[in-house]
Amino acid sequence: MSDQPEVTLIIGAGLGGVSAAGALRGAGNTGRIVLINGEAELPYDRPPLSKGVIQGSEALEDVYLKPESWYVDNGVELLSNTRVVKIAPDSHQLELADGSTLAYDKLLLASGADVRRIPSLEQDQVPFHYLRDFRDAEALQEGLEAGKHLVLVGAGVIGLEVAASARKIGCEVAVVEIVDRVMARSMPANMSAWLQQQHEDRGVKFFLENSIAEFQQEGGETSLLLSGGERIPVDLMLICAGVIPAVQLAEDCGIECDNGVVVDEHCHTSNEDIYAIGDVASYPDAWAGKQMRSENWMHAQRQAECAALNMNGEASSYADIQSVWTDQYEFKLQMAGILAGEQEVMRGDMSSGSFMIFYLDEGTVVGVLGVNQPKQMRIAQNIIKSRAQADVDMLADSDANLKKATR
Ligand SMILES: Cc1cc2nc3c(=O)[nH]c(=O)nc-3n(C[C@H](O)[C@H](O)[C@H](O)COP(=O)(O)OP(=O)(O)OC[C@H]3O[C@@H](n4cnc5c(N)ncnc54)[C@H](O)[C@@H]3O)c2cc1C
């Protein structure tokens, strides 16, 4: 194909970068593809870090995205332990940390995100951790021992996954969260309450609308004084205060950034030959009707496929429904679309630990949340995509065939 780039460089070998390299080859690209991996490990998957890896049931080799041979077989040049320090769009070149340069025809930014640090909590008295990469997970796992007091700062998805993993190991777990409910950014209030209850039933203590006011030492023991006045024991802390998109390279070379590298529906940045995907990209979400960033696995993979087609000269628009999962204890929670609407329809019973909630606007399903309902969730996503009028009685009846719940 004449529009194919001769050299494609990909910054970042997380899920987005690796998926894009594979999708380029899948789209028939025969040019040179260089995948620049800022980390030393063979590219690996992040979701297991807060689950199997810190529980000790999965090793690095178990979570590789692809075996080493895949890169060779697909002619993808993997440069590991290599950081890009500068993009020079005018000369179509990248500068690497060792001072060398690489030239490109098309460039993909798949640099993901970095943890948001809270320097005031980084004190010598208490070992503290963040969790973004394999080394973070390894360090955290070493500290998690039965009976140890783990304090999690932030009740977002990663904090709660770690809470569940740490309880499995036998740690005492306390969660300190500044807002008034758990996973407030990603789920409605009734689900926050349900999820908090599951954690409390399994021994996790929550301190909502609280922050850490002071580190206190007494008789060789350290404790944390919370803003609400409670004092809690601590042996180690995990700070889960969200992430910041890794936009520095883009900003430095004048590419438009606004809560991420701004792209259009073709994953195209403000520079003609530079694309961006995954956690770093701010894109127009076709379903939410606004420019936003999504930090989830499915999005990074699907957007990579879209970017690869566009870089390869085939027009493709990204219009996926956002879908996220999280595993906590025996529960698989899945969320797709917009979890808000004029009407909420419950299918099943929350107390059973297996149910779905549909969110409707003007009679059509715009979002769905499922707990331990993976098969039904696939059908539900098709219902959202169909934009068809829903049969509310059938949605609500867990014995009814979901495939027939639209008119
Ligand atoms: C602990 C954890 C658990 C998760 N669990 C879930 C889950 O259960 N479900 C779900 O849907 N999602 C989950 N996610 C989110 C999901 O893993 C991310 O959305 C996904 O990894 C994003 O992929 P990405 O390629 O955009 O970025 P990343 O995976 O962050 O990859 C970016 C890569 O770019 C590299 N890089 C950055 N700058 C440079 C540079 N200058 N030079 C070279 N390399 C560079 C980084 O080092 C990194 O390796 C989880 C994430 C984490 C951290």
# chains A, B, ... in the order shown; residues from 1 in each chain; ligands from 1
$ select_by_dssp --residues "stretch 135-288 of chain A" --states "strand (DSSP E)" --output "ChimeraX atom specification"
/A:149-153,172-177,205-208,212-218,221-226,231-233,236-239,243-245,261-262,274-276,281-285
$ write_last_selection --atoms "N, CA and C atoms" --output "short mmCIF file (atom, residue, chain, number, x, y, z; two decimals), in the first residue's frame"
data_model
loop_
_atom_site.label_atom_id
_atom_site.label_comp_id
_atom_site.auth_asym_id
_atom_site.auth_seq_id
_atom_site.Cartn_x
_atom_site.Cartn_y
_atom_site.Cartn_z
N HIS A 149 -0.28 -4.03 59.21
CA HIS A 149 -1.31 -3.01 58.99
C HIS A 149 -1.01 -2.22 57.72
N LEU A 150 -1.83 -2.46 56.71
CA LEU A 150 -1.69 -1.72 55.44
C LEU A 150 -2.70 -0.59 55.44
N VAL A 151 -2.22 0.62 55.19
CA VAL A 151 -3.14 1.75 55.02
C VAL A 151 -3.13 2.15 53.55
N LEU A 152 -4.33 2.15 52.96
CA LEU A 152 -4.47 2.55 51.56
C LEU A 152 -5.00 3.96 51.53
N VAL A 153 -4.30 4.81 50.81
CA VAL A 153 -4.77 6.20 50.68
C VAL A 153 -5.45 6.30 49.32
N GLU A 172 -4.09 -6.57 57.88
CA GLU A 172 -5.16 -5.70 58.40
C GLU A 172 -5.20 -4.49 57.47
N VAL A 173 -6.38 -4.17 56.94
CA VAL A 173 -6.44 -3.13 55.91
C VAL A 173 -7.36 -1.98 56.33
N ALA A 174 -6.82 -0.76 56.23
CA ALA A 174 -7.64 0.44 56.44
C ALA A 174 -7.55 1.30 55.18
N VAL A 175 -8.68 1.87 54.78
CA VAL A 175 -8.71 2.73 53.59
C VAL A 175 -9.10 4.14 54.02
N VAL A 176 -8.24 5.09 53.65
CA VAL A 176 -8.51 6.50 53.97
C VAL A 176 -8.85 7.20 52.66
N GLU A 177 -10.01 7.82 52.62
CA GLU A 177 -10.48 8.42 51.36
C GLU A 177 -11.07 9.80 51.65
N LYS A 205 -11.46 -1.72 56.97
CA LYS A 205 -12.03 -0.55 57.67
C LYS A 205 -11.92 0.67 56.77
N PHE A 206 -13.01 1.44 56.71
CA PHE A 206 -13.02 2.63 55.86
C PHE A 206 -13.07 3.90 56.68
N PHE A 207 -12.28 4.88 56.28
CA PHE A 207 -12.30 6.20 56.90
C PHE A 207 -12.56 7.19 55.76
N LEU A 208 -13.86 7.38 55.47
CA LEU A 208 -14.24 8.26 54.36
C LEU A 208 -14.25 9.70 54.85
N ILE A 212 -4.88 12.03 55.95
CA ILE A 212 -3.87 11.81 57.00
C ILE A 212 -3.37 13.17 57.49
N ALA A 213 -3.59 13.43 58.77
CA ALA A 213 -3.21 14.74 59.32
C ALA A 213 -1.79 14.71 59.87
N GLU A 214 -1.41 13.57 60.48
CA GLU A 214 -0.11 13.54 61.19
C GLU A 214 0.42 12.12 61.31
N PHE A 215 1.74 11.99 61.28
CA PHE A 215 2.39 10.71 61.61
C PHE A 215 2.76 10.81 63.09
N GLN A 216 2.39 9.84 63.90
CA GLN A 216 2.69 9.93 65.33
C GLN A 216 3.55 8.74 65.76
N GLN A 217 4.54 8.99 66.60
CA GLN A 217 5.45 7.94 67.10
C GLN A 217 5.23 7.79 68.59
N GLU A 218 5.06 6.55 69.05
CA GLU A 218 4.92 6.34 70.49
C GLU A 218 5.46 4.97 70.83
N GLU A 221 6.30 2.63 68.05
CA GLU A 221 5.20 2.32 67.12
C GLU A 221 4.80 3.59 66.38
N THR A 222 4.47 3.45 65.08
CA THR A 222 3.98 4.62 64.34
C THR A 222 2.49 4.45 64.11
N SER A 223 1.76 5.54 64.25
CA SER A 223 0.34 5.51 63.89
C SER A 223 0.02 6.77 63.09
N LEU A 224 -1.14 6.75 62.48
CA LEU A 224 -1.56 7.89 61.67
C LEU A 224 -2.73 8.58 62.34
N LEU A 225 -2.63 9.88 62.50
CA LEU A 225 -3.77 10.63 63.02
C LEU A 225 -4.54 11.15 61.82
N LEU A 226 -5.83 10.83 61.77
CA LEU A 226 -6.63 11.24 60.61
C LEU A 226 -7.30 12.58 60.87
N ARG A 231 -7.16 7.67 65.30
CA ARG A 231 -5.75 7.30 65.17
C ARG A 231 -5.71 5.83 64.72
N ILE A 232 -4.96 5.54 63.64
CA ILE A 232 -4.94 4.15 63.14
C ILE A 232 -3.52 3.62 63.06
N PRO A 233 -3.34 2.32 63.36
CA PRO A 233 -1.99 1.74 63.26
C PRO A 233 -1.56 1.59 61.81
N LEU A 236 2.68 -0.21 56.70
CA LEU A 236 3.05 0.28 55.37
C LEU A 236 1.86 0.95 54.72
N MET A 237 2.16 1.82 53.75
CA MET A 237 1.09 2.57 53.08
C MET A 237 1.19 2.37 51.57
N LEU A 238 0.02 2.34 50.95
CA LEU A 238 -0.01 2.41 49.48
C LEU A 238 -0.79 3.66 49.13
N ILE A 239 -0.16 4.52 48.36
CA ILE A 239 -0.81 5.78 47.98
C ILE A 239 -1.40 5.60 46.58
N VAL A 243 -3.74 8.94 38.52
CA VAL A 243 -2.58 9.06 37.62
C VAL A 243 -2.62 10.37 36.86
N ILE A 244 -1.46 10.69 36.30
CA ILE A 244 -1.32 11.90 35.47
C ILE A 244 -0.83 11.43 34.10
N PRO A 245 -1.51 11.82 33.02
CA PRO A 245 -1.07 11.36 31.70
C PRO A 245 0.37 11.81 31.39
N VAL A 261 -2.86 14.07 25.73
CA VAL A 261 -2.52 14.52 24.38
C VAL A 261 -3.82 14.52 23.59
N VAL A 262 -4.19 15.68 23.08
CA VAL A 262 -5.49 15.80 22.40
C VAL A 262 -5.42 15.12 21.03
N ILE A 274 1.90 12.44 13.92
CA ILE A 274 1.99 11.91 15.29
C ILE A 274 0.59 11.55 15.81
N TYR A 275 0.49 10.37 16.36
CA TYR A 275 -0.78 9.84 16.88
C TYR A 275 -0.61 9.54 18.37
N ALA A 276 -1.72 9.41 19.07
CA ALA A 276 -1.64 9.05 20.50
C ALA A 276 -2.82 8.17 20.88
N ALA A 281 -4.01 9.62 26.03
CA ALA A 281 -4.75 10.38 25.00
C ALA A 281 -6.07 10.94 25.51
N SER A 282 -6.35 12.17 25.13
CA SER A 282 -7.66 12.77 25.38
C SER A 282 -8.39 12.75 24.03
N TYR A 283 -9.47 12.02 23.94
CA TYR A 283 -10.12 11.74 22.65
C TYR A 283 -11.61 12.08 22.72
N PRO A 284 -12.24 12.27 21.57
CA PRO A 284 -13.68 12.56 21.59
C PRO A 284 -14.45 11.25 21.75
N ASP A 285 -15.12 11.07 22.88
CA ASP A 285 -15.84 9.82 23.11
C ASP A 285 -17.21 9.91 22.45
#
$ residues_near_ligand --ligand "ligand 1" --cutoff "7 Å" --atoms "only C-alpha atoms and all ligand atoms" --output "ChimeraX atom specification"
/A:11-17,36-39,45-50,82-85,110-113,131-133,158,246,249,277-280,295-298,300,324-327
$ atom_distance --atom1 "atom CA of A:Arg302" --atom2 "atom CA of A:Ser317"
10.8 Å
$ closest_residue --among "A:Glu230, A:Glu330, A:Asp320, A:Asp252" --to "A:Ser294" --atoms "only C-alpha atoms"
A:Asp320
$ residues_around --residues "A:Pro5" --least-positions-apart "6" --cutoff "12 Å" --atoms "only C-alpha atoms" --output "number ranges by chain"
A: 24-25, 28-33, 103-108, 273-274, 308-314
$ closest_residue --among "A:Ala288, A:Ala388, A:Met335, A:Leu94" --to "A:Asn372" --atoms "only C-alpha atoms"
A:Met335
$ select_by_dssp --residues "stretch 61-243 of chain A" --states "alpha helix (DSSP H)" --output "MDAnalysis selection string"
chainID A and resid 68:73 134:143 157:169 189:201
$ closest_residue --among "A:Phe355, A:Glu6, A:Thr364, A:Met346" --to "A:Leu395" --atoms "only C-alpha atoms"
A:Met346
$ closest_residue --among "A:Val247, A:Val63, A:Ala315, A:Leu9" --to "A:Gln93" --atoms "only C-alpha atoms"
A:Leu9
$ residues_around --residues "A:Lys51" --least-positions-apart "4" --cutoff "12 Å" --atoms "only C-alpha atoms" --output "PyMOL selection string"
chain A and resi 45-47+55-59+63+131+134+137-138+140-141+157-169+326-330
$ write_last_selection --atoms "N, CA and C atoms" --output "compact mmCIF listing (two decimals), in the first residue's frame"
# COMPACT_ATOMS: atom_id res chain seq x y z
N ASP A 45 1.46 -7.09 31.21
CA ASP A 45 0.11 -6.61 31.41
C ASP A 45 -0.02 -6.00 32.81
N ARG A 46 -0.72 -4.88 32.94
CA ARG A 46 -0.80 -4.24 34.26
C ARG A 46 -1.91 -4.76 35.18
N PRO A 47 -3.11 -5.12 34.66
CA PRO A 47 -4.16 -5.53 35.60
C PRO A 47 -3.75 -6.59 36.62
N GLN A 55 -0.45 -10.88 45.16
CA GLN A 55 -0.86 -12.02 46.00
C GLN A 55 0.19 -13.15 45.94
N GLY A 56 1.12 -13.02 44.99
CA GLY A 56 2.18 -14.02 44.86
C GLY A 56 1.79 -15.20 43.99
N SER A 57 0.63 -15.14 43.34
CA SER A 57 0.21 -16.28 42.51
C SER A 57 0.62 -16.13 41.05
N GLU A 58 1.09 -14.93 40.65
CA GLU A 58 1.55 -14.75 39.27
C GLU A 58 2.92 -14.09 39.27
N ALA A 59 3.82 -14.67 38.46
CA ALA A 59 5.17 -14.13 38.33
C ALA A 59 5.21 -13.26 37.06
N VAL A 63 2.72 -12.83 33.14
CA VAL A 63 1.91 -11.67 32.74
C VAL A 63 2.50 -10.93 31.52
N LEU A 131 1.66 2.20 43.00
CA LEU A 131 1.53 0.99 42.17
C LEU A 131 1.20 1.35 40.73
N PHE A 134 5.66 -3.12 37.29
CA PHE A 134 5.97 -4.41 37.91
C PHE A 134 6.87 -4.26 39.12
N ALA A 137 4.94 -3.36 42.08
CA ALA A 137 4.16 -4.49 42.59
C ALA A 137 5.04 -5.44 43.39
N GLU A 138 6.25 -5.65 42.87
CA GLU A 138 7.21 -6.53 43.53
C GLU A 138 7.56 -5.99 44.93
N LEU A 140 5.81 -3.88 46.74
CA LEU A 140 4.63 -3.92 47.61
C LEU A 140 4.41 -5.34 48.13
N GLN A 141 4.56 -6.29 47.23
CA GLN A 141 4.34 -7.69 47.63
C GLN A 141 5.27 -8.10 48.77
N VAL A 157 -10.31 2.31 42.12
CA VAL A 157 -10.33 0.90 41.73
C VAL A 157 -9.06 0.16 42.14
N ILE A 158 -7.91 0.80 41.97
CA ILE A 158 -6.66 0.09 42.30
C ILE A 158 -6.53 -0.09 43.81
N GLY A 159 -6.87 0.95 44.57
CA GLY A 159 -6.85 0.84 46.04
C GLY A 159 -7.73 -0.31 46.52
N LEU A 160 -8.91 -0.41 45.95
CA LEU A 160 -9.82 -1.46 46.42
C LEU A 160 -9.38 -2.85 45.97
N GLU A 161 -8.79 -2.95 44.78
CA GLU A 161 -8.26 -4.26 44.37
C GLU A 161 -7.14 -4.69 45.31
N VAL A 162 -6.30 -3.74 45.68
CA VAL A 162 -5.20 -4.07 46.59
C VAL A 162 -5.78 -4.43 47.97
N ALA A 163 -6.83 -3.74 48.39
CA ALA A 163 -7.46 -4.07 49.68
C ALA A 163 -7.90 -5.54 49.67
N ALA A 164 -8.54 -5.95 48.59
CA ALA A 164 -9.02 -7.34 48.50
C ALA A 164 -7.84 -8.32 48.50
N SER A 165 -6.79 -7.98 47.73
CA SER A 165 -5.61 -8.86 47.67
C SER A 165 -4.95 -8.96 49.05
N ALA A 166 -4.84 -7.82 49.73
CA ALA A 166 -4.14 -7.81 51.03
C ALA A 166 -4.94 -8.58 52.08
N ARG A 167 -6.26 -8.51 52.01
CA ARG A 167 -7.07 -9.30 52.95
C ARG A 167 -6.85 -10.79 52.71
N LYS A 168 -6.70 -11.15 51.43
CA LYS A 168 -6.44 -12.56 51.09
C LYS A 168 -5.15 -13.04 51.75
N ILE A 169 -4.17 -12.15 51.80
CA ILE A 169 -2.88 -12.50 52.41
C ILE A 169 -2.97 -12.51 53.93
N THR A 326 -13.22 -4.89 37.07
CA THR A 326 -12.34 -4.97 38.23
C THR A 326 -12.68 -6.25 38.99
N ASP A 327 -11.63 -6.90 39.50
CA ASP A 327 -11.83 -8.15 40.26
C ASP A 327 -11.52 -7.87 41.72
N GLN A 328 -12.49 -8.07 42.58
CA GLN A 328 -12.29 -7.87 44.02
C GLN A 328 -12.97 -9.03 44.75
N TYR A 329 -12.19 -9.78 45.53
CA TYR A 329 -12.68 -11.01 46.19
C TYR A 329 -13.25 -11.93 45.09
N GLU A 330 -14.45 -12.48 45.35
CA GLU A 330 -15.05 -13.40 44.38
C GLU A 330 -15.89 -12.64 43.34
$ residues_around --residues "A:Ser192" --least-positions-apart "5" --cutoff "12 Å" --atoms "only C-alpha atoms" --output "count of residues only"
18
$ residues_around --residues "A:Ala241" --least-positions-apart "3" --cutoff "8 Å" --atoms "only C-alpha atoms" --output "PyMOL selection string"
chain A and resi 115-118+153-154+156
$ write_last_selection --atoms "all heavy atoms" --output "PDB file, in the first residue's frame"
ATOM      1  N   VAL A 115       1.896   7.725  38.189  1.00  0.00           N
ATOM      2  CA  VAL A 115       1.092   7.898  39.402  1.00  0.00           C
ATOM      3  C   VAL A 115       1.152   9.348  39.879  1.00  0.00           C
ATOM      4  O   VAL A 115       2.162  10.027  39.697  1.00  0.00           O
ATOM      5  CB  VAL A 115       1.566   6.976  40.554  1.00  0.00           C
ATOM      6  CG1 VAL A 115       1.288   5.541  40.228  1.00  0.00           C
ATOM      7  CG2 VAL A 115       3.015   7.223  40.919  1.00  0.00           C
ATOM      8  N   ARG A 116       0.069   9.771  40.481  1.00  0.00           N
ATOM      9  CA  ARG A 116       0.056  11.097  41.114  1.00  0.00           C
ATOM     10  C   ARG A 116       0.674  10.939  42.504  1.00  0.00           C
ATOM     11  O   ARG A 116       0.165  10.187  43.337  1.00  0.00           O
ATOM     12  CB  ARG A 116      -1.393  11.581  41.243  1.00  0.00           C
ATOM     13  CG  ARG A 116      -1.535  13.009  41.750  1.00  0.00           C
ATOM     14  CD  ARG A 116      -3.007  13.334  41.987  1.00  0.00           C
ATOM     15  NE  ARG A 116      -3.792  13.206  40.776  1.00  0.00           N
ATOM     16  CZ  ARG A 116      -3.865  14.099  39.804  1.00  0.00           C
ATOM     17  NH1 ARG A 116      -3.206  15.223  39.910  1.00  0.00           N
ATOM     18  NH2 ARG A 116      -4.609  13.893  38.728  1.00  0.00           N
ATOM     19  N   ARG A 117       1.764  11.606  42.737  1.00  0.00           N
ATOM     20  CA  ARG A 117       2.457  11.447  44.020  1.00  0.00           C
ATOM     21  C   ARG A 117       1.899  12.422  45.058  1.00  0.00           C
ATOM     22  O   ARG A 117       1.392  13.496  44.700  1.00  0.00           O
ATOM     23  CB  ARG A 117       3.962  11.707  43.839  1.00  0.00           C
ATOM     24  CG  ARG A 117       4.615  10.767  42.840  1.00  0.00           C
ATOM     25  CD  ARG A 117       6.120  10.928  42.851  1.00  0.00           C
ATOM     26  NE  ARG A 117       6.696  10.195  43.960  1.00  0.00           N
ATOM     27  CZ  ARG A 117       7.271   8.997  43.853  1.00  0.00           C
ATOM     28  NH1 ARG A 117       7.356   8.413  42.677  1.00  0.00           N
ATOM     29  NH2 ARG A 117       7.766   8.397  44.909  1.00  0.00           N
ATOM     30  N   ILE A 118       1.978  12.034  46.306  1.00  0.00           N
ATOM     31  CA  ILE A 118       1.619  12.955  47.398  1.00  0.00           C
ATOM     32  C   ILE A 118       2.863  13.080  48.283  1.00  0.00           C
ATOM     33  O   ILE A 118       3.083  12.280  49.204  1.00  0.00           O
ATOM     34  CB  ILE A 118       0.420  12.442  48.237  1.00  0.00           C
ATOM     35  CG1 ILE A 118      -0.772  12.101  47.329  1.00  0.00           C
ATOM     36  CG2 ILE A 118       0.021  13.489  49.281  1.00  0.00           C
ATOM     37  CD1 ILE A 118      -2.041  11.710  48.072  1.00  0.00           C
ATOM     38  N   VAL A 153      -4.303   4.815  50.806  1.00  0.00           N
ATOM     39  CA  VAL A 153      -4.771   6.196  50.680  1.00  0.00           C
ATOM     40  C   VAL A 153      -5.446   6.302  49.321  1.00  0.00           C
ATOM     41  O   VAL A 153      -4.786   6.253  48.283  1.00  0.00           O
ATOM     42  CB  VAL A 153      -3.593   7.184  50.792  1.00  0.00           C
ATOM     43  CG1 VAL A 153      -4.095   8.624  50.679  1.00  0.00           C
ATOM     44  CG2 VAL A 153      -2.871   6.971  52.111  1.00  0.00           C
ATOM     45  N   GLY A 154      -6.767   6.385  49.324  1.00  0.00           N
ATOM     46  CA  GLY A 154      -7.523   6.459  48.063  1.00  0.00           C
ATOM     47  C   GLY A 154      -8.343   5.202  47.850  1.00  0.00           C
ATOM     48  O   GLY A 154      -7.809   4.089  47.850  1.00  0.00           O
ATOM     49  N   GLY A 156     -10.093   4.316  45.151  1.00  0.00           N
ATOM     50  CA  GLY A 156     -10.404   4.108  43.735  1.00  0.00           C
ATOM     51  C   GLY A 156     -10.259   2.630  43.417  1.00  0.00           C
ATOM     52  O   GLY A 156     -10.052   1.796  44.313  1.00  0.00           O
TER      53      GLY A 156
END
$ residues_around --residues "stretch 73-78 of chain A" --least-positions-apart "3" --cutoff "6 Å" --atoms "only C-alpha atoms" --output "JSON, numbers by chain"
{"A": [33, 34, 35, 69, 70]}
$ atom_distance --atom1 "atom CA of A:Pro188" --atom2 "atom CA of A:His299"
20.9 Å
$ closest_residue --among "A:Asn259, A:Gln343, A:Ser270, A:Ser354" --to "A:Gln291" --atoms "only C-alpha atoms"
A:Asn259
